[in-house]
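K.L.:
Okay, handing you the structure first.
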Amino acid sequence: MPEHNFERFNSAKAPVFEGLEFVEIATASPQELDRLLCSMGFQATARHRSKSVTLYQQGDINLIINSTPDSFAAEYTTAHGTSICALGLRTPNATTAYQNLIGRGAWEAATSAGAMELNIPAIESIGGTQIYLIDRYAGDISIYDIDFKTLSDQQDETTLLSHVGALSLTVELEREAPWRDFFRNLFGFKVTRDNLIQIDGRTNLLLETADRPGSADERIDSITFVANDLAALKRHLEEQSVSLREVDDQGGKYEVVLPLSDQFIRIFIAR
């Protein structure tokens with residue numbers, strides 16, 4: 001369980017973070033997930049050189065779909081179904097950021113890099129998920145150029161969706177404050193009164209508590225994509241036989257209705 005006030009371990013300030021690089025989804029149903037993502041305008045743009053991992057992209061969104069057997073992602077899928085198992089955060093120097101976080105109380109995450117692969121540092125986060133620290137994003141060579149092979153059968157880029165607007169984190173009520181400290185004190189993220197954790201100016205984490213004590217499966221349980229043109233997206237999804245369900249009174253947020261198994265990440269669309 002996370003500790004309160006991580007800053008007591010060290011007086012160093014939190015590292016600088018410059019936004020969300022990727023969201024990693026663990027699944028045992030990659031073909032099912034591929035159909036869903038493609039219906040939403042995503043393209044499979046690259047595949048990992050040695051693992052069952054595919055990169056899907058659209059707008060500024062990078063989704064890494066991991067179905068590698070006998071891996072952390074496989075274990076996470078067994079426990080939670082198709083779920084978000086990791087995030088990648090941009091930081092100018094990943095090694096320095098990692099040492100800073102560990103020195104102030106973060107927990108090291110076990111990662112495995114194969115031959116000729118990048119060894120990306122990561123720490124453990126909510127529900128056993130991992131947060132990777134990425135410093136290859138502003139130059140000519142990204143992490144995808146090294147560990148992935150570009151797919152040649154790509155179509156014209158679709159930009160129905162712009163970026164990841166929010167990720168929802170479900171926790172037990174008594175663990176709400178420690179997790180709030182985790183993101184505020186370790187990462188330096190701004191936390192509002194309603195538990196909205198701001199990664200940057202576009203992407204937020206929403207810390208939500210379980211309805212009943214003891215009922216929470218602590219995890220990142222939903223992702224919200226921001227639409228460039230909501231009307232155009234609705235028309236496109238209708239053509240793909242995918243429907244949206246309105247979830248607020250203002251008509252600004254919709255849940256994608258998934259004809260899939262119960263254990264599947266919830267996906268929302270916002271204006």
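The way I read the labels, and the way they are meant: chains A, B, ... in the order of the structure tokens, residue 1 as the first residue of every chain, and ligand 1 as the first ligand shown, with later ones counted on from there.
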Hey, what does DSSP flag as strand (DSSP E or B) within segment 34-153 of chain A? Can you give it to me as number ranges by chain?

P.N.:
A: 43-48, 53-58, 61-66, 82-90, 108, 122-124, 130-134, 148-150

K.L.:
Contacts of Ile199 of chain A at 7 Å or less, counting only C-alpha atoms, minus same-chain residues fewer than 3 places along, as an MDAnalysis selection string?

P.N.:
chainID A and resid 19 189 203:204

K.L.:
Here is a test: counting only C-alpha atoms, which residue of A:Ile25, A:Ala166, A:Met40, A:Val171 is nearest to Ser243 of chain A?

P.N.:
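That would be A:Met40, the residue with the smallest distance to Ser243 of chain A.
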
K.L.:
For the alpha helix (DSSP H) assignment from backbone DSSP, which residues of segment 87-243 of chain A qualify? Please present them as a compact mmCIF listing (two decimals) with C-alpha atoms, in the first residue's frame.

P.N.:
# COMPACT_ATOMS: atom_id res chain seq x y z
CA ALA A 94 14.51 8.89 -17.86
CA THR A 95 17.47 7.67 -15.79
CA THR A 96 17.57 10.80 -13.64
CA ALA A 97 13.79 10.75 -13.19
CA TYR A 98 13.86 7.08 -12.20
CA GLN A 99 16.60 7.59 -9.62
CA ASN A 100 14.73 10.59 -8.24
CA LEU A 101 11.48 8.64 -7.86
CA ILE A 102 13.13 5.59 -6.28
CA GLY A 103 15.03 7.84 -3.88
CA ILE A 143 11.29 4.16 -28.79
CA TYR A 144 9.16 2.73 -31.60
CA ASP A 145 11.95 3.17 -34.17
CA ILE A 146 14.23 0.93 -32.09
CA ASP A 147 12.01 -1.83 -30.70
CA GLU A 176 -7.61 7.48 -1.85
CA ALA A 177 -5.34 9.85 0.13
CA PRO A 178 -2.18 7.71 -0.24
CA TRP A 179 -2.68 7.42 -3.99
CA ARG A 180 -3.34 11.13 -4.21
CA ASP A 181 -0.01 11.69 -2.42
CA LEU A 230 -17.95 14.28 -32.63
CA ALA A 231 -20.61 14.25 -35.37
CA ALA A 232 -18.17 12.81 -37.91
CA LEU A 233 -17.03 10.21 -35.39
CA LYS A 234 -20.63 9.15 -34.69
CA ARG A 235 -21.31 8.72 -38.40
CA HIS A 236 -18.13 6.68 -38.83
CA LEU A 237 -18.91 4.43 -35.87
CA GLU A 238 -22.45 3.83 -37.12
CA GLU A 239 -20.98 2.66 -40.43

K.L.:
Select from segment 77-110 of chain A every residue with an atom at most 10 Å from any atom of segment 136-140 of chain A, then for each give the shortest pair of atoms and their distance in Å to one decimal, using only C-alpha atoms, rows by chain and rising number, as a Markdown table.

P.N.:
| residue | atom | partner | partner_atom | distance |
| --- | --- | --- | --- | --- |
| A:Arg90 | CA | A:Tyr137 | CA | 7.3 |
| A:Thr91 | CA | A:Arg136 | CA | 8.7 |
| A:Pro92 | CA | A:Arg136 | CA | 8.3 |
| A:Asn93 | CA | A:Arg136 | CA | 8.9 |
| A:Ala94 | CA | A:Arg136 | CA | 8.9 |

K.L.:
Please produce an output containing N, CA and C atoms for each residue in the selection, written as a PDB file, in the first residue's frame.

P.N.:
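Output below, filename result-v9.pdb:
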ATOM      1  N   ARG A  90       6.428  11.061 -20.538  1.00  0.00           N
ATOM      2  CA  ARG A  90       7.573  11.745 -21.132  1.00  0.00           C
ATOM      3  C   ARG A  90       8.327  12.550 -20.077  1.00  0.00           C
ATOM      4  N   THR A  91       9.637  12.397 -20.068  1.00  0.00           N
ATOM      5  CA  THR A  91      10.484  13.150 -19.158  1.00  0.00           C
ATOM      6  C   THR A  91      11.821  13.392 -19.853  1.00  0.00           C
ATOM      7  N   PRO A  92      12.452  14.533 -19.642  1.00  0.00           N
ATOM      8  CA  PRO A  92      13.683  14.849 -20.385  1.00  0.00           C
ATOM      9  C   PRO A  92      14.814  13.846 -20.184  1.00  0.00           C
ATOM     10  N   ASN A  93      14.929  13.255 -18.986  1.00  0.00           N
ATOM     11  CA  ASN A  93      15.991  12.291 -18.717  1.00  0.00           C
ATOM     12  C   ASN A  93      15.406  11.152 -17.889  1.00  0.00           C
ATOM     13  N   ALA A  94      15.197  10.000 -18.521  1.00  0.00           N
ATOM     14  CA  ALA A  94      14.514   8.891 -17.864  1.00  0.00           C
ATOM     15  C   ALA A  94      15.324   8.335 -16.696  1.00  0.00           C
TER      16      ALA A  94
END

K.L.:
Please identify every residue of segment 149-185 of chain A that has at least one atom no farther than 7 Å from an atom of segment 48-64 of chain A, counting only C-alpha atoms, and for each give the shortest atom pair and the distance in Å to one decimal, arranged by chain then increasing number, as CSV.

P.N.:
residue,atom,partner,partner_atom,distance
A:Lys149,CA,A:Arg49,CA,6.1
A:Thr158,CA,A:Gln58,CA,6.5
A:Thr159,CA,A:Gly59,CA,5.4
A:Leu161,CA,A:Gly59,CA,6.1
A:Ser162,CA,A:Gly59,CA,4.8
A:His163,CA,A:Asp60,CA,5.1
A:Val164,CA,A:Ile61,CA,6.4

K.L.:
Between A:Leu258, A:Ala110, A:Ala79, A:Leu133, which is the closest to Ser241 of chain A once you count only C-alpha atoms?

P.N.:
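Among the listed residues, A:Leu258 lies closest to Ser241 of chain A.
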
K.L.:
Mind checking which residues fall within 8 Å of Asn195 of chain A, counting only C-alpha atoms, ignoring those fewer than 5 positions away in the same chain, and posting them as a list in words?

P.N.:
Arg180, Leu206, Leu207 and Glu208 of chain A

K.L.:
Take the residues from that selection and put them in a file with N, CA, C and O atoms, as an mmCIF file, in the first residue's frame.

P.N.:
data_model
loop_
_atom_site.group_PDB
_atom_site.id
_atom_site.type_symbol
_atom_site.label_atom_id
_atom_site.label_comp_id
_atom_site.auth_asym_id
_atom_site.auth_seq_id
_atom_site.Cartn_x
_atom_site.Cartn_y
_atom_site.Cartn_z
ATOM 1 N N ARG A 180 -3.408 9.715 -3.859
ATOM 2 C CA ARG A 180 -3.341 11.134 -4.211
ATOM 3 C C ARG A 180 -1.929 11.679 -3.921
ATOM 4 O O ARG A 180 -1.354 12.400 -4.715
ATOM 5 N N LEU A 206 -8.264 10.577 -13.291
ATOM 6 C CA LEU A 206 -9.383 10.803 -12.374
ATOM 7 C C LEU A 206 -9.383 9.714 -11.319
ATOM 8 O O LEU A 206 -9.573 8.530 -11.626
ATOM 9 N N LEU A 207 -9.139 10.100 -10.068
ATOM 10 C CA LEU A 207 -9.100 9.157 -8.959
ATOM 11 C C LEU A 207 -10.523 8.984 -8.429
ATOM 12 O O LEU A 207 -11.128 9.916 -7.906
ATOM 13 N N GLU A 208 -11.070 7.779 -8.578
ATOM 14 C CA GLU A 208 -12.440 7.495 -8.157
ATOM 15 C C GLU A 208 -12.443 6.412 -7.085
ATOM 16 O O GLU A 208 -11.613 5.495 -7.109
#

K.L.:
Mind checking which residues fall within 7 Å of Ala86 of chain A, counting only C-alpha atoms, ignoring those fewer than 5 positions away in the same chain, and posting them as a PyMOL selection string?

P.N.:
chain A and resi 23-24+129-131

K.L.:
Find, counting only C-alpha atoms, the residue in A:Ala73, A:Leu160, A:Ala26, A:Ala44 that gets nearest to Arg271 of chain A.

P.N.:
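Of A:Ala73, A:Leu160, A:Ala26, A:Ala44, the one nearest Arg271 of chain A, counting only C-alpha atoms, is A:Leu160.
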
K.L.:
What is the distance between atom CA of Gly105 of chain A and atom CA of Ala210 of chain A, in Å to one decimal?

P.N.:
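Spanning atom CA of Gly105 of chain A to atom CA of Ala210 of chain A is a straight-line distance of 25.7 Å.
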
K.L.:
For Leu169 of chain A, please output as a VMD selection string all residues within 9 Å (counting only C-alpha atoms; exclusion window: fewer than 3 positions along the same chain).

P.N.:
chain A and resid 126 205 to 209 218 to 222

K.L.:
Restricting it to N, CA and C atoms, dump the selection as a tab-separated table (two decimals), in the first residue's frame.

P.N.:
chain	number	residue	atom	x	y	z
A	126	ILE	N	-0.63	2.00	-9.47
A	126	ILE	CA	-1.90	1.52	-8.93
A	126	ILE	C	-2.27	0.14	-9.47
A	205	LEU	N	-5.73	12.26	-14.95
A	205	LEU	CA	-6.09	11.03	-14.27
A	205	LEU	C	-7.22	11.37	-13.30
A	206	LEU	N	-8.26	10.58	-13.29
A	206	LEU	CA	-9.38	10.80	-12.37
A	206	LEU	C	-9.38	9.71	-11.32
A	207	LEU	N	-9.14	10.10	-10.07
A	207	LEU	CA	-9.10	9.16	-8.96
A	207	LEU	C	-10.52	8.98	-8.43
A	208	GLU	N	-11.07	7.78	-8.58
A	208	GLU	CA	-12.44	7.49	-8.16
A	208	GLU	C	-12.44	6.41	-7.08
A	209	THR	N	-13.39	6.50	-6.15
A	209	THR	CA	-13.48	5.52	-5.07
A	209	THR	C	-14.57	4.50	-5.36
A	218	GLU	N	-8.52	-2.48	-7.64
A	218	GLU	CA	-7.75	-1.27	-7.95
A	218	GLU	C	-7.07	-1.41	-9.30
A	219	ARG	N	-7.35	-0.45	-10.15
A	219	ARG	CA	-6.85	-0.54	-11.52
A	219	ARG	C	-7.16	0.76	-12.26
A	220	ILE	N	-6.58	0.88	-13.45
A	220	ILE	CA	-6.99	1.93	-14.39
A	220	ILE	C	-8.10	1.31	-15.22
A	221	ASP	N	-9.34	1.73	-14.97
A	221	ASP	CA	-10.45	0.96	-15.53
A	221	ASP	C	-11.13	1.58	-16.73
A	222	SER	N	-10.71	2.79	-17.15
A	222	SER	CA	-11.31	3.35	-18.36
A	222	SER	C	-10.39	4.37	-18.99

K.L.:
Find, counting only C-alpha atoms, the residue in A:Thr111, A:Gly188, A:Gln154, A:Ile265 that gets nearest to Ser168 of chain A.

P.N.:
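For Ser168 of chain A, the nearest of the given residues is A:Ile265.
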